[in-house]
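Enquirer: For reference, the file input.txt (compact mmCIF, C-alpha atoms) is included below:
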```txt
# COMPACT_ATOMS: atom_id res chain seq x y z
CA MET W 1462 104.25 -14.60 -30.32
CA THR W 1463 107.06 -12.39 -29.05
CA LYS W 1464 109.53 -10.75 -31.41
CA ALA W 1465 112.27 -13.04 -30.17
CA ALA W 1466 110.11 -16.09 -30.78
CA GLU W 1467 109.24 -14.87 -34.26
CA LEU W 1468 112.92 -14.41 -35.07
CA ALA W 1469 113.74 -17.85 -33.68
CA LYS W 1470 111.00 -19.40 -35.76
CA MET W 1471 112.19 -17.54 -38.84
CA GLY W 1472 115.70 -18.84 -38.27
CA GLU W 1473 114.38 -22.36 -37.98
CA VAL W 1474 112.47 -21.97 -41.21
CA LEU W 1475 115.56 -20.69 -42.99
CA THR W 1476 117.63 -23.53 -41.64
CA ASN W 1477 115.31 -26.44 -42.03
CA SER W 1478 112.71 -25.67 -44.64
CA GLN W 1479 112.28 -25.22 -48.30
CA ILE W 1480 111.45 -21.54 -48.46
CA GLY W 1481 111.30 -20.98 -52.19
CA GLY W 1482 109.06 -22.41 -54.88
CA ARG W 1483 106.27 -24.74 -54.06
CA ARG W 1484 106.29 -25.86 -50.46
CA ASN W 1485 103.02 -27.72 -50.20
CA ILE W 1486 103.10 -31.35 -51.35
CA VAL W 1487 99.34 -31.69 -50.84
CA TYR W 1488 96.98 -31.34 -53.80
CA ASN W 1489 93.83 -29.28 -53.44
CA GLY W 1490 94.61 -28.62 -49.80
CA LYS W 1491 92.03 -25.86 -49.57
CA MET W 1492 89.34 -28.01 -51.20
CA GLN W 1493 88.67 -25.58 -54.04
CA VAL W 1494 88.50 -28.11 -56.85
CA ALA W 1495 85.56 -30.52 -56.94
CA GLN W 1496 85.24 -31.83 -60.47
CA ARG W 1497 83.22 -34.90 -59.52
CA SER W 1498 80.61 -33.04 -57.51
CA ALA W 1499 80.38 -29.63 -55.93
CA SER W 1500 77.08 -30.77 -54.44
CA ALA W 1501 76.63 -32.98 -51.43
CA VAL W 1502 76.94 -36.71 -52.01
CA THR W 1503 74.78 -38.74 -49.65
CA GLY W 1504 74.91 -42.28 -48.37
CA ILE W 1505 78.70 -42.68 -48.42
CA GLY W 1506 80.26 -45.26 -46.16
CA ALA W 1507 80.12 -48.75 -47.59
CA THR W 1508 82.27 -48.22 -50.67
CA ALA W 1509 85.59 -46.50 -51.15
CA GLY W 1510 85.93 -43.79 -53.74
CA TYR W 1511 86.43 -40.21 -54.81
CA PHE W 1512 83.22 -38.27 -54.33
CA THR W 1513 83.62 -34.49 -54.06
CA CYS W 1514 86.88 -32.56 -53.59
CA ASP W 1515 89.57 -33.70 -56.01
CA ARG W 1516 92.36 -36.02 -54.86
CA TRP W 1517 90.69 -36.72 -51.49
CA VAL W 1518 89.64 -40.35 -51.39
CA TYR W 1519 87.48 -42.15 -48.87
CA SER W 1520 88.87 -45.56 -47.95
CA VAL W 1521 86.96 -48.23 -46.12
CA ALA W 1522 87.36 -51.77 -44.86
CA GLY W 1523 84.86 -53.99 -43.14
CA SER W 1524 81.13 -53.76 -43.51
CA HIS W 1525 80.48 -51.01 -41.03
CA ALA W 1526 77.06 -49.44 -40.72
CA GLY W 1527 78.27 -45.86 -40.59
CA ARG W 1528 77.10 -43.57 -43.36
CA PHE W 1529 77.75 -39.92 -44.07
CA THR W 1530 77.19 -37.09 -46.48
CA MET W 1531 80.29 -35.56 -48.03
CA SER W 1532 80.24 -32.07 -49.45
CA GLN W 1533 82.39 -29.17 -50.51
CA SER W 1534 81.44 -26.71 -47.82
CA THR W 1535 81.77 -22.94 -47.59
CA ASP W 1536 82.23 -23.13 -43.82
CA THR W 1537 85.88 -22.17 -43.51
CA PRO W 1538 88.45 -20.39 -41.41
CA ASN W 1539 89.18 -16.82 -42.44
CA GLY W 1540 91.09 -16.66 -45.72
CA PHE W 1541 89.70 -19.83 -47.23
CA SER W 1542 86.67 -20.38 -49.43
CA ASN W 1543 86.01 -24.10 -49.11
CA SER W 1544 86.36 -27.04 -46.80
CA LEU W 1545 85.61 -30.74 -47.01
CA LYS W 1546 82.62 -31.54 -44.82
CA LEU W 1547 81.59 -34.94 -43.51
CA ASP W 1548 78.17 -35.23 -41.86
CA CYS W 1549 77.37 -38.52 -40.14
CA THR W 1550 73.89 -39.70 -41.09
CA THR W 1551 73.96 -43.27 -39.76
CA ALA W 1552 75.82 -44.13 -36.59
CA ASP W 1553 77.91 -47.23 -36.01
CA THR W 1554 78.44 -47.82 -32.32
CA SER W 1555 79.26 -51.52 -32.62
CA ILE W 1556 82.69 -51.45 -34.22
CA ALA W 1557 83.86 -54.78 -35.59
CA ALA W 1558 87.57 -55.56 -35.55
CA GLY W 1559 88.22 -55.18 -39.26
CA GLU W 1560 86.51 -51.84 -39.80
CA LEU W 1561 88.27 -48.69 -40.86
CA ALA W 1562 87.35 -45.38 -42.44
CA ILE W 1563 89.95 -42.94 -43.72
CA ILE W 1564 90.02 -39.69 -45.67
CA ARG W 1565 93.33 -39.58 -47.46
CA GLN W 1566 95.48 -38.56 -50.37
CA HIS W 1567 98.05 -40.59 -52.30
CA TYR W 1568 101.33 -39.31 -53.75
CA GLU W 1569 103.61 -40.47 -56.52
CA GLY W 1570 107.11 -41.49 -55.50
CA GLN W 1571 108.71 -39.28 -58.13
CA ASP W 1572 107.18 -36.24 -56.43
CA LEU W 1573 108.67 -37.13 -53.04
CA GLN W 1574 112.36 -37.49 -53.78
CA GLN W 1575 113.12 -34.18 -52.02
CA ILE W 1576 112.26 -35.90 -48.72
CA LYS W 1577 115.38 -38.06 -49.19
CA LYS W 1578 113.63 -40.81 -47.31
CA GLY W 1579 115.77 -43.85 -46.69
CA THR W 1580 119.01 -41.87 -46.61
CA SER W 1581 121.05 -40.36 -43.81
CA ASP W 1582 119.89 -36.94 -45.02
CA ALA W 1583 116.20 -37.72 -44.74
CA GLU W 1584 113.97 -34.73 -43.96
CA GLN W 1585 111.32 -34.22 -41.35
CA LEU W 1586 107.83 -33.52 -42.62
CA THR W 1587 105.37 -31.11 -41.11
CA VAL W 1588 101.67 -31.37 -41.82
CA SER W 1589 99.37 -28.50 -40.97
CA PHE W 1590 95.63 -28.33 -41.42
CA TYR W 1591 92.51 -26.59 -40.18
CA VAL W 1592 89.73 -28.67 -38.67
CA LYS W 1593 86.61 -28.23 -36.66
CA ALA W 1594 83.88 -30.63 -35.63
CA SER W 1595 80.63 -30.78 -33.80
CA SER W 1596 82.42 -31.92 -30.65
CA ALA W 1597 85.83 -32.96 -29.36
CA LEU W 1598 86.86 -35.94 -31.42
CA THR W 1599 90.33 -37.47 -31.46
CA PHE W 1600 91.46 -38.70 -34.85
CA GLY W 1601 94.74 -39.98 -36.25
CA LEU W 1602 96.98 -38.47 -38.89
CA GLU W 1603 99.16 -41.12 -40.51
CA LEU W 1604 102.00 -41.08 -42.99
CA PHE W 1605 102.09 -44.49 -44.65
CA ASP W 1606 105.01 -45.45 -46.89
CA SER W 1607 103.49 -48.05 -49.20
CA ASP W 1608 106.81 -48.74 -50.95
CA ASN W 1609 108.36 -50.05 -47.75
CA ASP W 1610 105.30 -50.78 -45.59
CA ARG W 1611 106.32 -48.31 -42.92
CA GLN W 1612 104.17 -45.82 -41.05
CA ILE W 1613 103.74 -43.38 -38.22
CA THR W 1614 100.55 -41.87 -36.76
CA LYS W 1615 99.97 -38.89 -34.52
CA LEU W 1616 96.70 -37.92 -32.88
CA PHE W 1617 94.87 -34.61 -32.89
CA THR W 1618 91.66 -33.51 -31.25
CA THR W 1619 89.00 -31.36 -32.81
CA THR W 1620 87.06 -28.56 -31.21
CA THR W 1621 83.90 -26.78 -32.25
CA SER W 1622 85.94 -23.90 -33.65
CA TRP W 1623 88.40 -23.80 -36.52
CA VAL W 1624 91.87 -24.66 -35.21
CA ARG W 1625 95.08 -25.03 -37.17
CA HIS W 1626 96.97 -28.14 -36.13
CA GLU W 1627 100.70 -28.41 -36.84
CA ILE W 1628 102.20 -31.89 -36.63
CA THR W 1629 105.83 -32.71 -37.35
CA PHE W 1630 106.88 -36.22 -38.29
CA PRO W 1631 110.47 -37.34 -37.78
CA ALA W 1632 112.77 -38.15 -40.67
CA ASP W 1633 112.94 -41.78 -41.72
CA THR W 1634 116.38 -43.01 -42.74
CA THR W 1635 114.99 -46.42 -43.71
CA GLY W 1636 113.26 -47.22 -46.99
CA ALA W 1637 113.50 -44.90 -49.98
CA PHE W 1638 110.51 -43.93 -52.07
CA ASN W 1639 110.54 -45.39 -55.56
CA ASN W 1640 111.23 -42.77 -58.20
CA ASP W 1641 108.24 -43.48 -60.40
CA ASN W 1642 104.60 -42.57 -61.01
CA ALA W 1643 103.19 -45.18 -58.66
CA ARG W 1644 101.75 -44.70 -55.19
CA SER W 1645 104.43 -44.28 -52.54
CA LEU W 1646 102.96 -42.25 -49.70
CA ASP W 1647 99.51 -41.88 -48.15
CA LEU W 1648 98.53 -38.93 -45.97
CA SER W 1649 95.63 -40.40 -44.00
CA PHE W 1650 93.09 -38.95 -41.62
CA TRP W 1651 91.82 -41.95 -39.64
CA ILE W 1652 88.25 -41.32 -38.50
CA HIS W 1653 87.11 -44.83 -37.59
CA ALA W 1654 88.93 -48.05 -36.74
CA GLY W 1655 88.25 -51.43 -35.19
CA SER W 1656 90.66 -53.36 -33.04
CA THR W 1657 92.53 -54.78 -36.02
CA TYR W 1658 93.86 -51.26 -36.58
CA ALA W 1659 93.46 -49.75 -33.13
CA GLY W 1660 93.98 -52.63 -30.74
CA GLY W 1661 97.69 -52.05 -30.14
CA THR W 1662 99.83 -49.14 -29.06
CA LEU W 1663 99.93 -46.13 -31.32
CA ASN W 1664 103.17 -45.89 -33.28
CA SER W 1665 103.70 -42.17 -32.90
CA THR W 1666 107.39 -41.63 -32.17
CA ALA W 1667 109.21 -42.83 -35.26
CA PHE W 1668 108.50 -44.49 -38.57
CA ALA W 1669 108.46 -48.24 -38.17
CA SER W 1670 107.55 -51.33 -40.11
CA THR W 1671 103.80 -51.50 -40.05
CA THR W 1672 102.13 -53.26 -37.16
CA THR W 1673 98.51 -53.06 -38.19
CA ALA W 1674 97.12 -52.81 -34.67
CA ASN W 1675 99.31 -49.78 -33.99
CA ARG W 1676 98.09 -47.64 -36.84
CA ALA W 1677 95.09 -45.97 -35.22
CA ALA W 1678 95.13 -46.79 -31.53
CA GLY W 1679 93.38 -44.19 -29.43
CA ILE W 1680 91.15 -42.59 -32.02
CA ASP W 1681 87.44 -41.89 -31.64
CA SER W 1682 84.87 -42.93 -34.21
CA PHE W 1683 83.32 -40.36 -36.50
CA PHE W 1684 80.34 -42.69 -36.63
CA SER W 1685 79.71 -42.53 -32.87
CA SER W 1686 76.73 -40.23 -33.34
CA THR W 1687 74.64 -38.75 -36.11
CA ASP W 1688 75.39 -35.41 -34.46
CA ASN W 1689 78.97 -35.65 -35.72
CA GLU W 1690 80.28 -33.29 -38.35
CA PHE W 1691 83.89 -32.89 -39.42
CA PHE W 1692 85.37 -30.07 -41.49
CA LEU W 1693 88.86 -30.05 -43.02
CA THR W 1694 90.75 -27.51 -45.11
CA GLY W 1695 94.11 -25.78 -45.51
CA VAL W 1696 96.03 -29.04 -45.56
CA GLN W 1697 99.74 -28.58 -46.13
CA MET W 1698 102.65 -31.03 -46.00
CA GLU W 1699 106.13 -29.59 -46.27
CA LEU W 1700 109.74 -30.35 -45.56
CA GLY W 1701 111.18 -29.42 -42.20
CA SER W 1702 109.94 -29.03 -38.66
CA VAL W 1703 108.05 -25.78 -39.06
CA ALA W 1704 104.55 -25.23 -40.36
CA THR W 1705 104.78 -22.20 -42.61
CA PRO W 1706 101.66 -20.24 -43.63
CA PHE W 1707 99.39 -22.11 -46.01
CA GLU W 1708 100.60 -21.83 -49.60
CA HIS W 1709 97.64 -20.47 -51.55
CA ARG W 1710 97.69 -21.51 -55.18
CA SER W 1711 95.31 -20.10 -57.76
CA PHE W 1712 92.26 -22.10 -58.78
CA GLY W 1713 93.74 -22.58 -62.23
CA GLU W 1714 97.00 -23.93 -60.87
CA GLU W 1715 95.21 -26.31 -58.54
CA LEU W 1716 92.79 -27.51 -61.20
CA ALA W 1717 95.65 -28.27 -63.57
CA LEU W 1718 97.47 -30.21 -60.88
CA CYS W 1719 94.34 -32.23 -60.11
CA GLN W 1720 93.73 -32.93 -63.79
CA ARG W 1721 96.84 -35.09 -63.88
CA TYR W 1722 94.65 -37.56 -61.98
CA PHE W 1723 91.09 -36.83 -63.04
CA GLN W 1724 89.44 -34.81 -65.79
CA LYS W 1725 85.78 -34.18 -66.38
CA TYR W 1726 84.31 -32.88 -69.61
CA ALA W 1727 80.73 -31.72 -69.47
CA ASP W 1728 78.14 -29.61 -71.13
CA ASP W 1729 77.81 -25.89 -70.48
CA GLY W 1730 74.25 -26.46 -69.31
CA ASN W 1731 72.72 -25.55 -72.66
CA GLY W 1732 73.61 -28.57 -74.71
CA ASN W 1733 76.44 -26.70 -76.37
CA GLY W 1734 79.35 -28.73 -75.14
CA TYR W 1735 81.08 -29.63 -78.39
CA PHE W 1736 83.28 -32.53 -77.62
CA THR W 1737 85.16 -33.84 -80.61
CA ASN W 1738 85.07 -34.11 -84.36
CA GLY W 1739 85.17 -37.50 -85.95
CA MET W 1740 84.34 -39.74 -88.83
CA ILE W 1741 81.45 -42.10 -89.23
CA THR W 1742 82.60 -45.58 -90.11
CA GLY W 1743 79.80 -48.01 -90.71
CA THR W 1744 77.19 -46.93 -88.21
CA ARG W 1745 79.40 -45.50 -85.47
CA LEU W 1746 81.25 -42.27 -84.89
CA TYR W 1747 84.97 -42.44 -84.12
CA GLY W 1748 86.68 -39.40 -82.66
CA VAL W 1749 89.82 -38.48 -80.77
CA ILE W 1750 89.92 -36.33 -77.68
CA ARG W 1751 93.17 -34.90 -76.35
CA TRP W 1752 93.29 -34.52 -72.59
CA THR W 1753 93.61 -31.04 -71.11
CA THR W 1754 96.67 -32.09 -69.14
CA THR W 1755 99.01 -35.03 -69.51
CA MET W 1756 97.70 -37.64 -67.12
CA ARG W 1757 99.62 -39.75 -64.61
CA ALA W 1758 98.81 -43.03 -66.36
CA ASN W 1759 96.58 -44.35 -69.11
CA PRO W 1760 93.16 -43.41 -67.75
CA THR W 1761 89.88 -45.18 -67.25
CA VAL W 1762 87.21 -43.46 -69.35
CA ALA W 1763 83.55 -43.23 -68.42
CA GLY W 1764 80.64 -41.50 -70.10
CA THR W 1765 77.11 -40.99 -68.94
CA SER W 1766 74.49 -43.16 -70.57
CA GLY W 1767 72.75 -41.91 -73.70
CA ASP W 1768 73.87 -38.31 -73.21
CA PHE W 1769 75.79 -37.72 -76.45
CA ASN W 1770 74.54 -36.14 -79.63
CA ILE W 1771 75.92 -36.65 -83.14
CA GLN W 1772 75.61 -34.04 -85.86
CA SER W 1773 76.46 -34.93 -89.45
CA SER W 1774 75.07 -33.78 -92.77
CA ALA W 1775 72.68 -36.71 -92.82
CA HIS W 1776 71.73 -36.95 -89.20
CA THR W 1777 71.33 -34.98 -86.01
CA GLY W 1778 70.24 -36.92 -83.02
CA GLY W 1779 70.91 -37.79 -79.43
CA GLY W 1780 70.84 -40.80 -77.20
CA PHE W 1781 74.36 -42.01 -77.95
CA SER W 1782 76.78 -43.49 -75.45
CA ILE W 1783 80.53 -44.00 -75.56
CA ASP W 1784 80.92 -47.76 -75.84
CA GLU W 1785 84.62 -48.27 -76.57
CA THR W 1786 87.97 -46.60 -76.02
CA HIS W 1787 90.99 -47.51 -78.09
CA ASN W 1788 94.57 -47.23 -76.86
CA PRO W 1789 93.99 -44.52 -74.25
CA SER W 1790 97.28 -42.84 -73.43
CA VAL W 1791 98.33 -40.19 -70.96
CA ASP W 1792 97.65 -37.61 -73.68
CA ALA W 1793 94.66 -38.76 -75.72
CA VAL W 1794 92.12 -41.44 -76.51
CA ARG W 1795 90.06 -42.56 -79.45
CA LEU W 1796 86.39 -42.95 -78.63
CA ARG W 1797 83.66 -44.92 -80.36
CA THR W 1798 79.96 -44.33 -79.98
CA GLY W 1799 77.22 -46.91 -80.05
CA SER W 1800 75.78 -47.97 -83.39
CA ASN W 1801 72.91 -46.20 -85.14
CA SER W 1802 71.61 -47.08 -88.58
CA ASN W 1803 70.79 -43.43 -89.34
CA LEU W 1804 74.49 -42.58 -89.50
CA THR W 1805 76.02 -42.51 -92.96
CA ASN W 1806 79.32 -44.20 -93.58
CA GLY W 1807 82.15 -41.82 -94.53
CA GLN W 1808 80.63 -38.59 -93.31
CA GLY W 1809 82.37 -36.30 -90.87
CA ALA W 1810 80.48 -35.54 -87.72
CA ILE W 1811 80.52 -33.61 -84.46
CA LEU W 1812 79.99 -35.24 -81.11
CA ARG W 1813 78.57 -33.07 -78.38
CA PHE W 1814 77.06 -33.45 -74.96
CA ASP W 1815 73.41 -33.32 -74.09
CA ALA W 1816 72.70 -31.12 -71.11
CA ALA W 1817 73.29 -33.87 -68.57
CA GLY W 1818 76.18 -35.50 -70.35
CA SER W 1819 79.71 -35.86 -69.13
CA LEU W 1820 82.83 -37.85 -69.82
CA THR W 1821 85.60 -38.48 -67.32
CA ALA W 1822 89.17 -39.71 -67.47
CA ASP W 1823 90.55 -41.19 -64.25
CA SER W 1824 94.19 -42.01 -63.52
CA GLU W 1825 94.08 -41.66 -59.76
CA LEU W 1826 96.54 -43.65 -57.70
CA MET D 750 87.27 -52.25 -55.37
CA ASP D 751 83.83 -53.83 -55.39
CA ILE D 752 83.63 -55.37 -58.88
CA LYS D 753 80.31 -56.61 -60.20
CA SER D 754 81.37 -57.66 -63.70
CA ALA D 755 84.07 -57.23 -66.32
CA GLN D 756 83.88 -57.83 -70.06
CA TYR D 757 86.28 -57.35 -72.94
CA VAL D 758 85.38 -54.80 -75.61
CA GLN D 759 86.57 -55.29 -79.17
CA ASP D 760 87.51 -52.70 -81.76
CA GLU D 761 86.58 -52.77 -85.43
CA ASN D 762 89.39 -55.24 -86.09
CA SER D 763 87.97 -57.64 -83.51
CA GLU D 764 90.90 -56.98 -81.18
CA ASN D 765 90.27 -56.56 -77.48
CA SER D 766 90.72 -52.84 -76.90
CA CYS D 767 89.58 -52.29 -73.31
CA ILE D 768 87.56 -53.81 -70.49
CA LYS D 769 84.03 -52.76 -69.66
CA LEU D 770 84.00 -52.71 -65.86
CA VAL D 771 80.87 -52.48 -63.70
CA LEU D 772 81.23 -51.81 -59.98
CA ASN D 773 78.53 -52.49 -57.42
CA SER D 774 78.47 -48.76 -56.78
CA MET D 775 78.67 -46.64 -59.92
CA PRO D 776 78.57 -42.87 -60.43
CA ASN D 777 75.16 -41.50 -61.30
CA ASN D 778 74.03 -42.49 -64.82
CA VAL D 779 77.41 -44.03 -65.66
CA PRO D 780 76.70 -47.63 -66.73
CA TYR D 781 80.30 -48.82 -66.97
CA LEU D 782 83.95 -47.81 -66.89
CA LEU D 783 86.19 -48.40 -69.91
CA VAL D 784 89.49 -49.63 -68.50
CA PRO D 785 92.74 -49.77 -70.50
CA PHE D 786 95.19 -52.67 -70.38
CA SER D 787 97.65 -50.65 -68.32
CA ASN D 788 99.46 -51.86 -65.23
CA ASP D 789 99.60 -48.27 -63.93
CA ASN D 790 95.81 -47.98 -63.96
CA ARG D 791 94.15 -48.67 -60.59
CA HIS D 792 91.04 -50.15 -62.15
CA TYR D 793 93.11 -52.54 -64.24
CA GLN D 794 95.10 -53.47 -61.14
CA ALA D 795 91.81 -54.22 -59.36
CA ILE D 796 90.61 -56.35 -62.28
CA LEU D 797 93.84 -58.39 -62.18
CA GLU D 798 93.34 -58.95 -58.44
CA TRP D 799 89.71 -59.92 -59.07
CA VAL D 800 90.80 -62.43 -61.70
CA ALA D 801 93.47 -63.80 -59.35
CA GLU D 802 90.65 -64.47 -56.87
CA GLY D 803 89.09 -66.81 -59.43
CA ASN D 804 86.80 -64.50 -61.37
CA THR D 805 86.67 -64.31 -65.15
CA ILE D 806 86.54 -61.44 -67.62
CA ALA D 807 83.68 -62.20 -70.01
CA GLU D 808 84.36 -62.40 -73.72
CA ALA D 809 83.28 -59.48 -75.90
CA ASP D 810 79.80 -59.44 -77.37
```
The structure given in the file should be rewritten as structure tokens.
Expert:
Amino acid sequence: MTKAAELAKMGEVLTNSQIGGRRNIVYNGKMQVAQRSASAVTGIGATAGYFTCDRWVYSVAGSHAGRFTMSQSTDTPNGFSNSLKLDCTTADTSIAAGELAIIRQHYEGQDLQQIKKGTSDAEQLTVSFYVKASSALTFGLELFDSDNDRQITKLFTTTTSWVRHEITFPADTTGAFNNDNARSLDLSFWIHAGSTYAGGTLNSTAFASTTTANRAAGIDSFFSSTDNEFFLTGVQMELGSVATPFEHRSFGEELALCQRYFQKYADDGNGNGYFTNGMITGTRLYGVIRWTTTMRANPTVAGTSGDFNIQSSAHTGGGFSIDETHNPSVDAVRLRTGSNSNLTNGQGAILRFDAAGSLTADSEL
Amino acid sequence: MDIKSAQYVQDENSENSCIKLVLNSMPNNVPYLLVPFSNDNRHYQAILEWVAEGNTIAEAD
């Protein structure tokens, strides 16, 4: 870039962008945080869900045959440590109309008010990201406003090398985001779509009321071959028409941000993961755990089966499960273990993890 | 959300305190999810949709 071009770009940034504070709306854009699994998860495809890198959800519709392995990879562009890797393991070359596969992230409306969407002062949004793949594959990047059922999609094409793509979406003066903790915006990477979603003309110029067939027209299928791999990292979404350098946040900052939506408590690998103190009532232990971070909403709680150990003056033993949660809030929950006749009513006790134990709290959008 | 079953769980006062939710695809060694009665919770939203489709949340044991 010439000096003049650099100065022009700088001027544009100063004029149109938020240059102070946090610029990047995306969570875990450099795929550092993977509370659910830092290891590869195989056989993904049939069911939607969060599998590896925090906040990145796989969405699916239709009963497509495509399957893939998802992992937190260390194959990255210079300056990054992790990427999200998809590796196709079962191809799907017969795409039924209703099929779709998307990697995406959801955002709360209260975190998007700076976009001023639905007003005459609405802002443009620029999304930048690094991708590479095993071959040239064209995929769609969509902004979907779920409050007002409006969307826009732009295409990008991968290469076999890491490339930073910079895509600017026009401002939308129609349809404000609700100012609450519910889902308002999806940032979606479309990697597979049948004619229901791709049979029309891509809506790529301006936000518009959703026409389903126009959401992903022109994309390739990630499931076209088991040779296909797709890597993604350095995802940034910011106000304005200019993609500024990726905003690197510390691991601790990013983890705390992700924990608003998902928290995992686990053993240290030696069975020493003390979890909570409590009181034995009847034949069960009751204890309260306070979440590390205030969560978005009252969370779903899940514990692994039989992986909890109770220590009291009368009993030390394992094999317990969490079988009830009472009034979970955004800050805490009371847990109850399964019943065991060896526990003594009225005694205090400690609940801890066995080596394989874990407990999660989920308030994802 | 691909729901296999849902059942109320009662606390020590015999009040329904949460819903034990089983999906057709569950995380490794996690037998069920304990879902609060919270309209902001995506699992509870899915249960309400599942019920609206004609399914029933089983009574507590």
Enquirer: Between atom CA of W:Phe1683 and atom CA of W:Ile1613, what distance in Å does the model show, to one decimal?
Expert: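 Atom CA of W:Phe1683 sits 20.7 Å away from atom CA of W:Ile1613.
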Enquirer: Counting all atoms listed in the file, which residues come within 8 Å of (84.8, -51.3, -55.5), with the point read in the file's coordinates, and could you list them as a list in words?
Expert: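 Residues satisfying the cut-off, written out: Thr1508, Ala1509 and Gly1510 of chain W; Met750, Asp751, Ile752, Leu772, Asn773 and Ser774 of chain D.
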Enquirer: Please indicate the distance in Å from atom CA of W:Ser1596 to atom CA of W:Ser1622, rounded to one decimal place.
Expert: 9.3 Å
Enquirer: Nearest to chain W: which of D:Met775, D:Ser754, D:Pro780, D:Ser763 is it, counting only C-alpha atoms?
Expert: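 Among the listed residues, D:Pro780 lies closest to chain W.
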Enquirer: Once 8 Å is added on each side, what are the centre and the three edge lengths, in Å to one decimal, of the axis-aligned box enclosing the listed atoms of stretch 1788-1793 of chain W? Present them as JSON.
Expert:
```
{"center_x": 96.2, "center_y": -42.4, "center_z": -73.9, "size_x": 20.3, "size_y": 25.6, "size_z": 21.9}
```
Enquirer: Could you work out how far atom CA of W:Thr1513 lies from atom CA of W:Gly1527, giving the answer in Å with one decimal?
Expert: 18.4 Å
Enquirer: In terms of the shortest atom-to-atom distance over all atoms listed in the file, which of D:Pro776, D:Asp789, D:Leu770, D:Tyr757 is closest to chain W?
Expert: D:Asp789
Enquirer: If you count all atoms listed in the file, which residues fall within 8 Å of W:Glu1584, apart from same-chain ones fewer than 6 positions away, as a PDB file with C-alpha atoms, in the frame of the given file?
Expert:
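New file around_22.pdb:
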```
ATOM      1  CA  ILE W1576     112.260 -35.900 -48.720  1.00  0.00           C
ATOM      2  CA  LYS W1577     115.380 -38.060 -49.190  1.00  0.00           C
ATOM      3  CA  LYS W1578     113.630 -40.810 -47.310  1.00  0.00           C
ATOM      4  CA  PRO W1631     110.470 -37.340 -37.780  1.00  0.00           C
ATOM      5  CA  ALA W1632     112.770 -38.150 -40.670  1.00  0.00           C
ATOM      6  CA  ASP W1633     112.940 -41.780 -41.720  1.00  0.00           C
ATOM      7  CA  LEU W1700     109.740 -30.350 -45.560  1.00  0.00           C
ATOM      8  CA  GLY W1701     111.180 -29.420 -42.200  1.00  0.00           C
TER       9      GLY W1701
END
```
Enquirer: Near chain D, meaning an atom within 10 Å, which residues of chain W appear when counting only C-alpha atoms? Write them as a PyMOL selection string.
Expert: chain W and resi 1497+1507-1510+1512+1642-1644+1742-1743+1757-1768+1782-1790+1797+1817-1826
Enquirer: Within 10 Å of W:Phe1590, counting all atoms listed in the file, which residues show up once you throw out same-chain ones fewer than 5 positions away? Write them as a PyMOL selection string, please.
Expert: chain W and resi 1490-1491+1623-1628+1693-1698+1704+1707
Enquirer: Compile the contact shell of W:Thr1657 as a list in words: residues with an atom at most 9 Å away, counting only C-alpha atoms, same-chain residues fewer than 6 positions apart removed.
Expert: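 Answer for this query is Ala1557, Ala1558, Gly1559, Glu1560, Leu1561, Thr1673, Ala1674 and Asn1675 of chain W.
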Enquirer: Take the selection from the previous step and output its residues with C-alpha atoms, as a tab-separated table (two decimals), in the frame of the given file.
Expert:
```tsv
chain	number	residue	atom	x	y	z
W	1557	ALA	CA	83.86	-54.78	-35.59
W	1558	ALA	CA	87.57	-55.56	-35.55
W	1559	GLY	CA	88.22	-55.18	-39.26
W	1560	GLU	CA	86.51	-51.84	-39.80
W	1561	LEU	CA	88.27	-48.69	-40.86
W	1673	THR	CA	98.51	-53.06	-38.19
W	1674	ALA	CA	97.12	-52.81	-34.67
W	1675	ASN	CA	99.31	-49.78	-33.99
```
Enquirer: Which residues, written as a PDB file with C-alpha atoms, in the coordinates of the input, have at least one atom at most 8 Å from W:Gln1496, with only C-alpha atoms counted and residues fewer than 5 positions away on the same chain left out?
Expert:
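Result saved to around.pdb:
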```
ATOM      1  CA  THR W1513      83.620 -34.490 -54.060  1.00  0.00           C
ATOM      2  CA  CYS W1514      86.880 -32.560 -53.590  1.00  0.00           C
ATOM      3  CA  ASP W1515      89.570 -33.700 -56.010  1.00  0.00           C
ATOM      4  CA  GLN W1724      89.440 -34.810 -65.790  1.00  0.00           C
ATOM      5  CA  LYS W1725      85.780 -34.180 -66.380  1.00  0.00           C
TER       6      LYS W1725
END
```
Enquirer: As a ChimeraX atom specification, please: the residues near W:Gly1636 (cut-off 12 Å, all atoms listed in the file, same-chain neighbours under 4 positions excluded).
Expert: /W:1570,1574,1576-1581,1583,1605-1612,1632,1645-1646,1668-1670
